[in-house]
file work-v4.txt (compact mmCIF, C-alpha atoms)
# COMPACT_ATOMS: atom_id res chain seq x y z
CA MET A 973 25.11 23.37 -79.82
CA ARG A 974 21.82 21.86 -80.64
CA ARG A 975 22.80 18.63 -78.86
CA VAL A 976 23.88 20.43 -75.66
CA ARG A 977 20.61 22.34 -75.54
CA ARG A 978 18.66 19.11 -75.83
CA VAL A 979 20.59 17.62 -72.90
CA ARG A 980 20.05 20.69 -70.74
CA GLY A 981 16.35 20.67 -71.57
CA GLY A 982 16.20 17.00 -70.64
CA ARG A 983 17.83 17.65 -67.27
CA ARG A 984 15.45 20.48 -66.55
CA GLY A 985 12.60 18.15 -67.39
CA MET A 986 13.96 15.52 -65.03
CA ASP A 987 14.25 18.09 -62.23
CA ALA A 988 10.65 19.17 -62.75
CA GLN A 989 9.56 15.56 -62.78
CA ALA A 990 11.36 14.92 -59.49
CA ILE A 991 9.69 17.94 -57.89
CA ILE A 992 6.26 16.82 -59.08
CA GLU A 993 6.90 13.29 -57.84
CA THR A 994 7.96 14.62 -54.46
CA ALA A 995 4.93 16.91 -54.31
CA ILE A 996 2.68 13.92 -54.90
CA VAL A 997 4.47 11.34 -52.79
CA ILE A 998 5.00 13.36 -49.58
CA PRO A 999 1.31 14.28 -48.98
CA VAL A 1000 0.29 10.70 -49.82
CA LEU A 1001 2.90 9.40 -47.36
CA LEU A 1002 1.74 11.78 -44.63
CA ALA A 1003 -1.88 10.87 -45.32
CA LEU A 1004 -1.03 7.19 -44.98
CA VAL A 1005 0.73 7.85 -41.67
CA SER A 1006 -2.27 9.88 -40.46
CA VAL A 1007 -4.73 7.14 -41.41
CA PHE A 1008 -2.49 4.62 -39.65
CA LEU A 1009 -2.49 6.75 -36.48
CA ALA A 1010 -6.26 7.27 -36.70
CA VAL A 1011 -6.82 3.51 -36.89
CA MET A 1012 -4.56 3.07 -33.87
CA VAL A 1013 -6.58 5.65 -31.93
CA GLN A 1014 -9.83 3.96 -32.95
CA VAL A 1015 -8.54 0.58 -31.79
CA GLU A 1016 -7.48 2.12 -28.48
CA VAL A 1017 -10.89 3.75 -27.99
CA GLN A 1018 -12.60 0.48 -28.86
CA GLN A 1019 -10.56 -1.38 -26.24
CA GLU A 1020 -11.28 1.23 -23.60
CA MET A 1021 -14.97 1.27 -24.46
CA ASP A 1022 -15.17 -2.53 -24.22
CA ALA A 1023 -13.58 -2.40 -20.76
CA ALA A 1024 -15.79 0.51 -19.65
CA THR A 1025 -18.98 -1.19 -20.84
CA LYS A 1026 -18.06 -4.46 -19.14
CA LEU A 1027 -17.31 -2.70 -15.86
CA ALA A 1028 -20.52 -0.67 -16.19
CA ALA A 1029 -22.65 -3.78 -16.63
CA GLU A 1030 -21.01 -5.39 -13.58
CA SER A 1031 -21.39 -2.17 -11.62
CA PHE A 1032 -25.15 -2.24 -12.23
CA PHE A 1033 -25.39 -5.06 -9.71
CA GLN A 1034 -23.12 -3.37 -7.18
CA ALA A 1035 -26.07 -1.18 -6.17
CA PRO A 1036 -28.40 -2.35 -3.43
CA ARG A 1037 -31.27 -4.33 -4.91
CA LEU A 1038 -34.54 -2.42 -5.52
CA ALA A 1039 -32.88 0.84 -4.45
CA VAL A 1040 -34.04 3.91 -6.33
CA ASP A 1041 -32.30 7.25 -6.60
CA ALA A 1042 -33.75 10.02 -4.45
CA GLN A 1043 -35.11 13.26 -5.84
CA ARG A 1044 -32.50 15.72 -7.19
CA THR A 1045 -29.89 12.99 -7.68
CA THR A 1046 -27.57 13.77 -10.57
CA CYS A 1047 -24.38 12.35 -11.97
CA CYS A 1048 -21.89 12.20 -14.78
CA ALA A 1049 -20.44 15.54 -15.82
CA GLN A 1050 -19.72 15.58 -19.54
CA GLN A 1051 -16.40 17.36 -19.03
CA VAL A 1052 -14.00 17.43 -16.10
CA GLY A 1053 -15.10 20.14 -13.68
CA ALA A 1054 -18.44 20.67 -15.41
CA PRO A 1055 -21.72 20.28 -13.48
CA ASP A 1056 -23.53 16.94 -13.56
CA SER A 1057 -25.64 16.49 -16.66
CA LEU A 1058 -27.74 13.39 -15.92
CA ASP A 1059 -30.83 13.56 -13.72
CA THR A 1060 -31.32 10.09 -12.26
CA SER A 1061 -34.16 10.84 -9.86
CA GLY A 1062 -36.46 7.84 -9.66
CA LEU A 1063 -34.18 5.57 -11.68
CA PRO A 1064 -32.78 2.36 -10.20
CA LYS A 1065 -29.50 3.07 -8.45
CA GLY A 1066 -27.83 0.47 -10.64
CA CYS A 1067 -28.42 2.68 -13.68
CA ARG A 1068 -26.46 5.53 -12.11
CA PHE A 1069 -23.76 3.15 -10.95
CA ALA A 1070 -23.39 1.88 -14.51
CA ALA A 1071 -23.25 5.39 -15.92
CA GLU A 1072 -20.73 6.59 -13.32
CA THR A 1073 -18.51 3.61 -14.03
CA PHE A 1074 -18.74 4.10 -17.77
CA TYR A 1075 -18.04 7.83 -17.81
CA GLY A 1076 -15.33 7.45 -15.18
CA THR A 1077 -13.51 4.85 -17.26
CA MET A 1078 -13.82 6.50 -20.67
CA THR A 1079 -10.97 8.96 -20.70
CA PHE A 1080 -11.11 9.60 -24.42
CA ARG A 1081 -14.15 11.82 -23.96
CA ARG A 1082 -12.39 14.89 -25.31
CA PHE A 1083 -12.22 13.20 -28.72
CA LEU A 1084 -15.79 11.95 -28.69
CA VAL A 1085 -19.09 13.41 -29.66
CA PHE A 1086 -21.99 12.12 -27.65
CA PRO A 1087 -24.85 11.06 -29.91
CA ALA A 1088 -27.24 13.19 -27.88
CA GLN A 1089 -25.30 16.29 -28.85
CA ARG A 1090 -25.83 15.57 -32.52
CA GLY A 1091 -29.59 15.50 -32.37
CA ASN A 1092 -32.53 16.06 -30.11
CA GLY A 1093 -33.14 12.36 -29.56
CA ALA A 1094 -32.98 11.33 -25.94
CA HIS A 1095 -30.66 8.53 -25.02
CA PRO A 1096 -32.12 6.62 -22.11
CA LEU A 1097 -29.80 5.64 -19.33
CA CYS A 1098 -31.82 2.51 -18.62
CA VAL A 1099 -34.54 0.64 -20.43
CA ARG A 1100 -36.63 -2.20 -19.08
CA ALA A 1101 -38.50 -4.61 -21.34
CA GLY A 1102 -37.87 -2.26 -24.24
CA THR A 1103 -39.37 0.77 -22.52
CA PRO A 1104 -37.09 3.63 -21.52
CA VAL A 1105 -37.08 4.34 -17.81
CA GLY A 1106 -36.64 8.09 -17.82
CA ALA A 1107 -35.26 9.72 -20.91
CA VAL A 1108 -31.94 11.29 -20.09
CA GLN A 1109 -29.93 13.52 -22.37
CA ASN A 1110 -26.24 13.39 -23.15
CA SER A 1111 -25.58 9.77 -22.39
CA PHE A 1112 -24.32 7.17 -24.77
CA ILE A 1113 -24.75 4.11 -22.57
CA THR A 1114 -27.99 2.23 -22.19
CA CYS A 1115 -28.56 -0.68 -19.87
CA ASP A 1116 -31.42 -3.07 -20.40
CA VAL A 1117 -32.45 -5.46 -17.65
CA GLN A 1118 -33.67 -8.76 -19.06
CA PHE A 1119 -34.68 -12.12 -17.72
CA LEU A 1120 -33.22 -15.24 -19.28
CA ASP A 1121 -33.42 -18.96 -18.61
CA THR A 1122 -36.96 -19.01 -17.31
CA THR A 1123 -36.93 -22.80 -17.44
CA LEU A 1124 -33.90 -23.01 -15.18
CA ASN A 1125 -34.83 -20.17 -12.86
CA PRO A 1126 -38.60 -19.99 -12.57
CA PRO A 1127 -40.70 -17.97 -12.39
CA ALA A 1128 -38.91 -14.82 -13.54
CA GLY A 1129 -35.68 -16.34 -14.78
CA LEU A 1130 -32.10 -15.25 -14.38
CA GLN A 1131 -31.76 -11.50 -14.24
CA VAL A 1132 -29.24 -10.24 -16.77
CA VAL A 1133 -28.21 -6.71 -17.53
CA ARG A 1134 -27.04 -5.84 -21.01
CA CYS A 1135 -25.32 -2.49 -21.51
CA THR A 1136 -24.75 -1.00 -24.93
CA ALA A 1137 -22.55 2.01 -25.51
CA SER A 1138 -21.70 3.98 -28.59
CA ALA A 1139 -19.78 7.10 -29.41
CA THR A 1140 -18.43 8.96 -32.37
CA LEU A 1141 -14.76 9.76 -32.73
CA ASP A 1142 -14.50 13.36 -33.80
CA PHE A 1143 -11.17 13.70 -35.57
CA SER A 1144 -11.91 17.33 -36.43
CA ARG A 1145 -10.75 18.14 -32.90
CA THR A 1146 -7.35 16.57 -33.51
CA PRO A 1147 -4.32 17.35 -35.72
CA LEU A 1148 -5.36 14.41 -37.91
CA ALA A 1149 -8.37 16.34 -39.18
CA TRP A 1150 -6.71 17.31 -42.50
CA ALA A 1151 -6.37 13.65 -43.56
CA ILE A 1152 -9.39 12.06 -41.81
CA PRO A 1153 -12.58 13.74 -43.02
CA TRP A 1154 -14.87 11.07 -41.60
CA ASN A 1155 -15.95 10.40 -37.98
CA PRO A 1156 -16.10 6.68 -37.18
CA THR A 1157 -18.61 5.37 -34.67
CA VAL A 1158 -17.43 3.00 -31.97
CA SER A 1159 -19.81 0.77 -30.04
CA ALA A 1160 -19.63 -1.96 -27.44
CA THR A 1161 -22.03 -4.35 -25.70
CA ALA A 1162 -21.53 -6.23 -22.45
CA GLU A 1163 -23.66 -8.46 -20.27
CA ALA A 1164 -23.47 -9.23 -16.59
CA ILE A 1165 -25.35 -11.47 -14.24
CA PRO A 1166 -25.91 -10.67 -10.58
CA PRO A 1167 -23.17 -11.74 -8.17
CA PRO A 1168 -24.05 -14.47 -5.66
CA PHE A 1169 -23.96 -11.87 -2.88
CA HIS A 1170 -25.67 -8.48 -2.89
CA GLN A 1171 -24.95 -5.53 -0.69
CA MET B 1381 30.21 12.82 -69.66
CA LEU B 1382 32.22 12.64 -66.42
CA ARG B 1383 30.66 15.86 -65.13
CA ARG B 1384 27.17 14.52 -65.87
CA ALA B 1385 27.89 11.26 -64.06
CA ALA B 1386 29.27 13.14 -61.06
CA ARG B 1387 26.18 15.36 -61.03
CA ARG B 1388 23.92 12.30 -61.06
CA ARG B 1389 25.85 10.79 -58.16
CA GLY B 1390 25.51 14.03 -56.24
CA GLN B 1391 21.80 14.17 -56.95
CA ALA B 1392 21.37 10.57 -55.78
CA THR B 1393 23.27 11.34 -52.58
CA ILE B 1394 21.11 14.38 -51.86
CA GLU B 1395 17.92 12.39 -52.58
CA PHE B 1396 19.13 9.63 -50.29
CA ALA B 1397 19.96 12.16 -47.59
CA PHE B 1398 16.36 13.41 -47.76
CA VAL B 1399 14.64 10.08 -48.11
CA ALA B 1400 16.64 7.94 -45.66
CA PRO B 1401 15.72 9.87 -42.47
CA LEU B 1402 12.08 9.98 -43.57
CA PHE B 1403 12.13 6.27 -44.32
CA PHE B 1404 13.72 5.36 -40.99
CA LEU B 1405 11.36 7.71 -39.14
CA CYS B 1406 8.35 5.98 -40.71
CA PHE B 1407 9.91 2.56 -40.13
CA PHE B 1408 10.58 3.11 -36.43
CA ALA B 1409 7.28 4.96 -36.01
CA ALA B 1410 5.44 1.92 -37.36
CA ILE B 1411 7.28 -0.35 -34.91
CA ASP B 1412 6.60 2.17 -32.16
CA ALA B 1413 2.90 2.32 -32.97
CA ALA B 1414 2.67 -1.46 -32.83
CA LEU B 1415 4.48 -1.54 -29.48
CA TRP B 1416 2.24 1.26 -28.21
CA ALA B 1417 -0.84 -0.71 -29.21
CA ILE B 1418 0.39 -3.80 -27.37
CA GLN B 1419 1.33 -1.85 -24.25
CA THR B 1420 -1.87 0.17 -24.20
CA SER B 1421 -3.99 -2.92 -24.72
CA ALA B 1422 -2.24 -4.64 -21.82
CA SER B 1423 -2.68 -1.52 -19.65
CA VAL B 1424 -6.42 -1.28 -20.37
CA SER B 1425 -6.86 -4.94 -19.58
CA ALA B 1426 -4.76 -4.66 -16.41
CA ALA B 1427 -6.64 -1.55 -15.23
CA GLU B 1428 -9.96 -3.31 -15.79
CA GLN B 1429 -8.74 -6.33 -13.84
CA ALA B 1430 -7.38 -4.12 -11.06
CA ALA B 1431 -10.67 -2.20 -10.84
CA ARG B 1432 -12.55 -5.45 -10.41
CA LEU B 1433 -10.15 -6.45 -7.66
CA ALA B 1434 -10.28 -3.01 -6.04
CA ALA B 1435 -14.07 -3.18 -5.90
CA ALA B 1436 -13.76 -5.96 -3.35
CA ALA B 1437 -12.92 -5.33 0.27
CA ALA B 1438 -9.30 -5.58 1.31
CA HIS B 1439 -9.33 -7.84 4.35
CA SER B 1440 -12.77 -9.35 4.96
CA PRO B 1441 -16.27 -9.07 3.43
CA GLN B 1442 -17.17 -6.53 6.13
CA SER B 1443 -13.99 -4.52 5.67
CA GLU B 1444 -14.33 -0.86 4.67
CA ASP B 1445 -10.81 -0.75 3.25
CA THR B 1446 -9.87 -0.92 -0.41
CA PRO B 1447 -6.81 -2.91 -1.49
CA SER B 1448 -3.66 -0.80 -1.52
CA PRO B 1449 -1.73 0.01 -4.72
CA ALA B 1450 0.89 -2.55 -3.65
CA VAL B 1451 -1.74 -5.31 -3.53
CA LEU B 1452 -3.19 -4.35 -6.91
CA PHE B 1453 0.28 -4.08 -8.38
CA ALA B 1454 1.17 -7.56 -7.17
CA ALA B 1455 -1.99 -8.90 -8.83
CA ILE B 1456 -1.38 -7.38 -12.27
CA ARG B 1457 2.41 -7.05 -12.30
CA ASN B 1458 3.09 -10.11 -14.47
CA GLN B 1459 0.38 -9.16 -16.94
CA LEU B 1460 1.77 -5.64 -17.29
CA GLN B 1461 5.48 -6.35 -17.18
CA GLN B 1462 5.31 -8.96 -19.94
CA ALA B 1463 3.80 -6.45 -22.33
CA MET B 1464 6.06 -3.53 -21.47
CA PHE B 1465 9.17 -3.12 -23.60
CA GLY B 1466 11.89 -1.18 -21.82
CA THR B 1467 9.36 0.28 -19.39
CA THR B 1468 9.45 -0.23 -15.63
CA VAL B 1469 6.18 -0.89 -13.80
CA VAL B 1470 5.86 0.17 -10.16
CA ALA B 1471 3.20 0.60 -7.49
CA TRP B 1472 2.41 4.21 -6.55
CA CYS B 1473 3.97 3.86 -3.11
CA ASP B 1474 6.72 5.87 -1.49
CA PRO B 1475 10.00 4.45 -2.87
CA GLY B 1476 11.60 5.47 0.45
CA GLY B 1477 9.66 2.70 2.17
CA GLY B 1478 6.94 2.79 4.80
CA THR B 1479 3.32 1.78 4.49
CA CYS B 1480 1.40 2.01 1.25
CA PRO B 1481 -2.23 2.91 2.01
CA THR B 1482 -4.89 3.54 -0.63
CA PRO B 1483 -5.11 7.28 -1.34
CA VAL B 1484 -8.42 9.02 -0.71
CA VAL B 1485 -9.77 11.69 -3.06
CA GLY B 1486 -9.26 15.16 -1.62
CA ALA B 1487 -7.06 13.98 1.23
CA ALA B 1488 -4.32 16.21 2.53
CA GLY B 1489 -0.79 14.90 2.87
CA GLY B 1490 2.31 14.23 0.86
CA ALA B 1491 2.87 13.28 -2.75
CA PHE B 1492 1.58 9.74 -2.25
CA ALA B 1493 -1.62 10.75 -0.45
CA HIS B 1494 -3.33 10.97 -3.84
CA CYS B 1495 -2.81 9.39 -7.25
CA PRO B 1496 -0.58 11.14 -9.78
CA THR B 1497 -2.45 13.59 -11.99
CA SER B 1498 0.07 13.51 -14.80
CA ALA B 1499 2.77 11.26 -16.21
CA GLN B 1500 5.34 13.85 -15.13
CA ASP B 1501 4.47 13.13 -11.48
CA VAL B 1502 5.47 9.50 -11.98
CA GLU B 1503 8.68 10.45 -13.75
CA GLN B 1504 9.57 12.87 -10.97
CA HIS B 1505 9.43 10.15 -8.31
CA PHE B 1506 10.42 7.00 -10.19
CA GLY B 1507 12.51 8.20 -13.15
CA ALA B 1508 12.06 8.03 -16.90
CA ARG B 1509 10.12 5.33 -18.77
CA THR B 1510 8.17 4.21 -15.72
CA VAL B 1511 4.47 3.40 -15.38
CA ALA B 1512 2.81 3.45 -11.96
CA VAL B 1513 -0.28 1.57 -10.75
CA CYS B 1514 -2.44 3.48 -8.29
CA ASP B 1515 -5.96 3.24 -6.89
CA GLU B 1516 -7.92 5.98 -5.20
CA THR B 1517 -11.21 5.80 -3.30
CA SER B 1518 -13.81 8.51 -2.93
CA PRO B 1519 -14.92 9.63 0.53
CA PRO B 1520 -17.87 7.61 1.86
CA ALA B 1521 -21.34 8.97 1.18
CA PRO B 1522 -23.44 10.19 4.13
CA ALA B 1523 -25.80 7.70 5.71
CA CYS B 1524 -29.47 7.88 4.74
CA PRO B 1525 -31.80 9.57 7.24
CA ALA B 1526 -34.11 7.26 9.13
CA PRO B 1527 -37.69 6.98 7.80
CA PRO B 1528 -40.06 8.76 7.52
CA LEU B 1529 -37.51 11.38 6.44
CA PRO B 1530 -36.94 11.25 2.67
CA ALA B 1531 -33.65 9.89 1.37
CA THR B 1532 -31.05 12.40 0.31
CA PRO B 1533 -29.22 12.14 -3.04
CA ARG B 1534 -26.47 9.49 -3.04
CA CYS B 1535 -26.99 8.64 0.63
CA GLY B 1536 -25.68 5.23 1.61
CA ASP B 1537 -23.76 4.78 -1.65
CA PRO B 1538 -20.59 2.70 -1.40
CA PRO B 1539 -17.46 4.66 -2.34
CA THR B 1540 -16.12 4.52 -5.87
CA VAL B 1541 -12.61 3.33 -6.59
CA THR B 1542 -10.52 4.54 -9.52
CA VAL B 1543 -7.49 2.67 -10.81
CA HIS B 1544 -4.82 4.58 -12.74
CA VAL B 1545 -2.11 3.10 -14.93
CA ILE B 1546 -0.12 6.21 -15.65
CA GLY B 1547 3.38 7.20 -16.70
CA PHE B 1548 5.66 7.23 -19.71
CA LEU B 1549 6.18 4.25 -22.04
CA ALA B 1550 9.55 3.71 -23.70
CA SER B 1551 9.50 4.52 -27.41
CA LEU B 1552 11.90 4.45 -30.34
CA VAL B 1553 10.81 7.73 -31.91
CA PRO B 1554 10.63 10.97 -29.94
CA PRO B 1555 6.98 11.97 -29.71
CA LEU B 1556 5.58 15.46 -30.17
CA SER B 1557 7.40 16.60 -27.05
CA GLY B 1558 10.60 16.70 -29.13
CA LEU B 1559 14.17 15.98 -28.20
CA GLY B 1560 14.11 17.30 -24.66
CA TRP B 1561 13.61 15.61 -21.30
CA HIS B 1562 10.76 13.42 -22.54
CA ALA B 1563 12.47 12.17 -25.71
CA GLY B 1564 12.00 8.45 -26.24
CA GLU B 1565 8.82 8.37 -24.16
CA ILE B 1566 5.10 8.26 -24.87
CA PRO B 1567 2.69 9.30 -22.11
CA ILE B 1568 -0.03 6.86 -21.06
CA ASP B 1569 -2.97 7.45 -18.73
CA ILE B 1570 -5.46 4.59 -18.45
CA VAL B 1571 -8.30 4.93 -15.95
CA ALA B 1572 -10.88 2.42 -14.72
CA THR B 1573 -13.59 3.40 -12.25
CA THR B 1574 -16.13 1.25 -10.49
CA HIS B 1575 -18.19 1.08 -7.34
CA THR B 1576 -16.94 -0.86 -4.37
CA LEU B 1577 -18.88 -3.83 -3.07
CA ARG B 1578 -19.55 -3.43 0.63
CA PHE B 1579 -21.58 -5.61 2.96
CA VAL B 1580 -23.33 -4.04 5.90
CA THR B 1581 -23.15 -6.01 9.10
call {"tool": "encode", "arguments": {"input": "work-v4.txt", "output": "C-alpha cells"}}
result
Amino acid sequence: MRRVRRVRGGRRGMDAQAIIETAIVIPVLLALVSVFLAVMVQVEVQQEMDAATKLAAESFFQAPRLAVDAQRTTCCAQQVGAPDSLDTSGLPKGCRFAAETFYGTMTFRRFLVFPAQRGNGAHPLCVRAGTPVGAVQNSFITCDVQFLDTTLNPPAGLQVVRCTASATLDFSRTPLAWAIPWNPTVSATAEAIPPPFHQ
Amino acid sequence: MLRRAARRRGQATIEFAFVAPLFFLCFFAAIDAALWAIQTSASVSAAEQAARLAAAAAHSPQSEDTPSPAVLFAAIRNQLQQAMFGTTVVAWCDPGGGTCPTPVVGAAGGAFAHCPTSAQDVEQHFGARTVAVCDETSPPAPACPAPPLPATPRCGDPPTVTVHVIGFLASLVPPLSGLGWHAGEIPIDIVATTHTLRFVT
C-alpha cells in the first residue's frame, strides 16, 4: 500500500511539474516570437525610412532654384485626411518638396510617434549653416544645405543637401505591446547633390 | 508495470500532439518572416528606383507625361521577380489589353484610372498572390500670377508622382486573416512619392 501511494504521489508531482514547465515555456516562446516580429518591423521601417530620406534629399533639388514658398503655403498632414500641419511660408520650396516626399513615402506613420509630439521642442524643416530656417512643429525630417569642396568649386563650393530623419516606433499601438515595453528610435541620413539640370 | 508504461506512451503522444503543431508553426513562421523580409526589402528598393524613374519625363525633357505603369514595371521587373517566391508581379494595367496610361489622382473612369487602394483590389483583377506596380500623378498646380501680383501657395509646382507596390505575397503560414480566402498570403503596400522634374520651354 505504502509503495503504491508513493508512486501515485510521484505521478502527481510529475503532472504538476509538466504544467509548471508549460506555464513557463509558452509565454517565453510567445515573447520570443513577439520580439522576433518586432525586430522584423523595425528593420522594415528602417529600410523604408532610408528610402524616404534619400528620395527627400534628391527631391530638395527638384524645386526651382531660389524659389520660396508663398504666404499661407502648408503641407504634410500628419494623418491621412487630416489638415496640413506644416506652415512653409517663406521657406525654400525645396524644403517643402523634401518634406512632402518624406511624409508621402513613409507609410508606417500609424506606428510612429513624431518627436515633436513628445515634447515642446520645435523640429525645423530646414536649417542653413546650423541655423533653423523657420521652426516648424510635428516634423521629424531636417534638411541642412551645406557647401563642400570649396577648392574644387570656388567660391562657394559644391552645394550639398543633407537630410536627417528620425522617428520612434510606438509598439504600444500594436498587438506586440505586451511583450515589447520599449519604443526603439529609428533614424536615417542621406545626402544629395544638385542634378546637372534644374527646372 | 505495463499499465504505467502504456500511460507514459499515451502522455508522450498527447504532448507530441500539442508540441508538434506549435513547433511547425514557429518553424514555418520563421521561414515566412525571413522570406517576407527579403520580399519587402526588394519591394522598397524597387519602389524607390521606380519613383526616381517616374520623376523624369516620359518621352522628352519637355514632356509633361509621366512614365506609364508598364514602363516602370519593365524597369524593375527583374529586380522584383527575383526576390518574389511564389508571387506574381504585374503592371497595374488592364489585363484585357488596350493602352496603359498613368493614372491621375481624382480622375474619373474605370478600375485602372487610379491606383489600387488595397491589396484586395489587386487580387480581384489579377488573382491570388499577385503584386502590382502602379504610379499615379497629382493634377498640375495652377500657374503663378504675373507680377506684381503675389504668388499663390503651390503655384507653378510640378506634379508629384506616387509609386505603389501593392498586393498579396505568398506565404507558408496563414496570417491573421485566418484560413479563408486570403490564407497563404501576406498583404504588402509599399509607397514612394517624389516630385517630378519638368523643364519649361
call {"tool": "interface_residues", "arguments": {"input": "work-v4.txt", "of": "chain A", "to": "chain B", "cutoff": "8 Å", "atoms": "all atoms listed in the file", "output": "VMD selection string"}}
result
chain A and resid 1005 1009 1012 1016 1019 to 1020 1023 to 1024 1027 to 1028 1031 1034 to 1035 1041 to 1046 1069 1072 to 1074 1076 to 1079 1170 to 1171
call {"tool": "atom_distance", "arguments": {"input": "work-v4.txt", "atom1": "atom CA of Gly985 of chain A", "atom2": "atom CA of Thr1393 of chain B"}}
result
19.5 Å
call {"tool": "atom_distance", "arguments": {"input": "work-v4.txt", "atom1": "atom CA of Ala1463 of chain B", "atom2": "atom CA of Thr1510 of chain B"}}
result
13.3 Å
call {"tool": "atom_distance", "arguments": {"input": "work-v4.txt", "atom1": "atom CA of Gln1459 of chain B", "atom2": "atom CA of Phe1492 of chain B"}}
result
24.0 Å
call {"tool": "closest_residue", "arguments": {"input": "work-v4.txt", "among": "A:Ala1162, A:Val1007, A:Ala1054, A:Met986", "to": "Ala1149 of chain A", "atoms": "all atoms listed in the file"}}
result
A:Val1007
call {"tool": "residues_around", "arguments": {"input": "work-v4.txt", "residues": "Thr1468 of chain B", "least_positions_apart": "4", "cutoff": "10 Å", "atoms": "all atoms listed in the file", "output": "ChimeraX atom specification"}}
result
/B:1460-1461,1464,1506-1512,1547-1550
call {"tool": "residues_around", "arguments": {"input": "work-v4.txt", "residues": "Arg1457 of chain B", "least_positions_apart": "5", "cutoff": "10 Å", "atoms": "all atoms listed in the file", "output": "PyMOL selection string"}}
result
chain B and resi 1426+1450-1452+1462+1469-1471+1513
call {"tool": "residues_near_point", "arguments": {"input": "work-v4.txt", "point": "(-19.9, 0.7, -24.9)", "cutoff": "6 Å", "atoms": "all atoms listed in the file", "output": "number ranges by chain"}}
result
A: 1021-1022, 1025, 1136-1138, 1159-1161
call {"tool": "axis_aligned_box", "arguments": {"input": "work-v4.txt", "around": "segment 1043-1047 of chain A", "padding_each_side": "8 Å", "output": "AutoDock Vina command-line options"}}
result
--center_x -29.7 --center_y 14.0 --center_z -8.9 --size_x 26.7 --size_y 19.4 --size_z 22.1
call {"tool": "closest_residue", "arguments": {"input": "work-v4.txt", "among": "B:Ala1493, B:Ala1488, B:Val1553, B:Ala1521", "to": "Phe1408 of chain B", "atoms": "all atoms listed in the file"}}
result
B:Val1553
call {"tool": "residues_around", "arguments": {"input": "work-v4.txt", "residues": "Asp1474 of chain B", "least_positions_apart": "5", "cutoff": "9 Å", "atoms": "only C-alpha atoms", "output": "PyMOL selection string"}}
result
chain B and resi 1479-1480+1491-1492+1505
call {"tool": "closest_residue", "arguments": {"input": "work-v4.txt", "among": "A:Val1015, A:Val1040, A:Gln1131, A:Tyr1075", "to": "Ser1057 of chain A", "atoms": "all atoms listed in the file"}}
result
A:Tyr1075
call {"tool": "closest_residue", "arguments": {"input": "work-v4.txt", "among": "B:Gln1391, B:Thr1517, B:Ser1551, B:Gln1419", "to": "Ala1434 of chain B", "atoms": "all atoms listed in the file"}}
result
B:Thr1517
call {"tool": "decode", "arguments": {"input": "work-v4.txt", "residues": "segment 1474-1497 of chain B", "atoms": "C-alpha atoms", "output": "mmCIF file, in the first residue's frame"}}
result
data_model
loop_
_atom_site.group_PDB
_atom_site.id
_atom_site.type_symbol
_atom_site.label_atom_id
_atom_site.label_comp_id
_atom_site.auth_asym_id
_atom_site.auth_seq_id
_atom_site.Cartn_x
_atom_site.Cartn_y
_atom_site.Cartn_z
ATOM 1 C CA ASP B 1474 -5.997 46.345 -67.789
ATOM 2 C CA PRO B 1475 -5.314 42.609 -68.290
ATOM 3 C CA GLY B 1476 -7.880 42.728 -71.117
ATOM 4 C CA GLY B 1477 -5.419 44.739 -73.196
ATOM 5 C CA GLY B 1478 -5.546 48.280 -74.509
ATOM 6 C CA THR B 1479 -3.390 51.229 -73.577
ATOM 7 C CA CYS B 1480 -1.850 51.635 -70.151
ATOM 8 C CA PRO B 1481 -1.741 55.339 -69.254
ATOM 9 C CA THR B 1482 -0.527 56.721 -65.923
ATOM 10 C CA PRO B 1483 -3.500 57.219 -63.597
ATOM 11 C CA VAL B 1484 -4.200 60.716 -62.323
ATOM 12 C CA VAL B 1485 -5.302 61.374 -58.738
ATOM 13 C CA GLY B 1486 -9.022 62.073 -58.557
ATOM 14 C CA ALA B 1487 -9.681 61.107 -62.168
ATOM 15 C CA ALA B 1488 -12.981 59.550 -63.121
ATOM 16 C CA GLY B 1489 -13.072 56.325 -65.086
ATOM 17 C CA GLY B 1490 -12.770 52.608 -64.663
ATOM 18 C CA ALA B 1491 -10.851 50.447 -62.239
ATOM 19 C CA PHE B 1492 -7.498 51.251 -63.828
ATOM 20 C CA ALA B 1493 -7.986 55.024 -63.890
ATOM 21 C CA HIS B 1494 -6.457 55.167 -60.411
ATOM 22 C CA CYS B 1495 -4.037 53.028 -58.416
ATOM 23 C CA PRO B 1496 -5.418 50.260 -56.209
ATOM 24 C CA THR B 1497 -6.203 51.403 -52.681
#
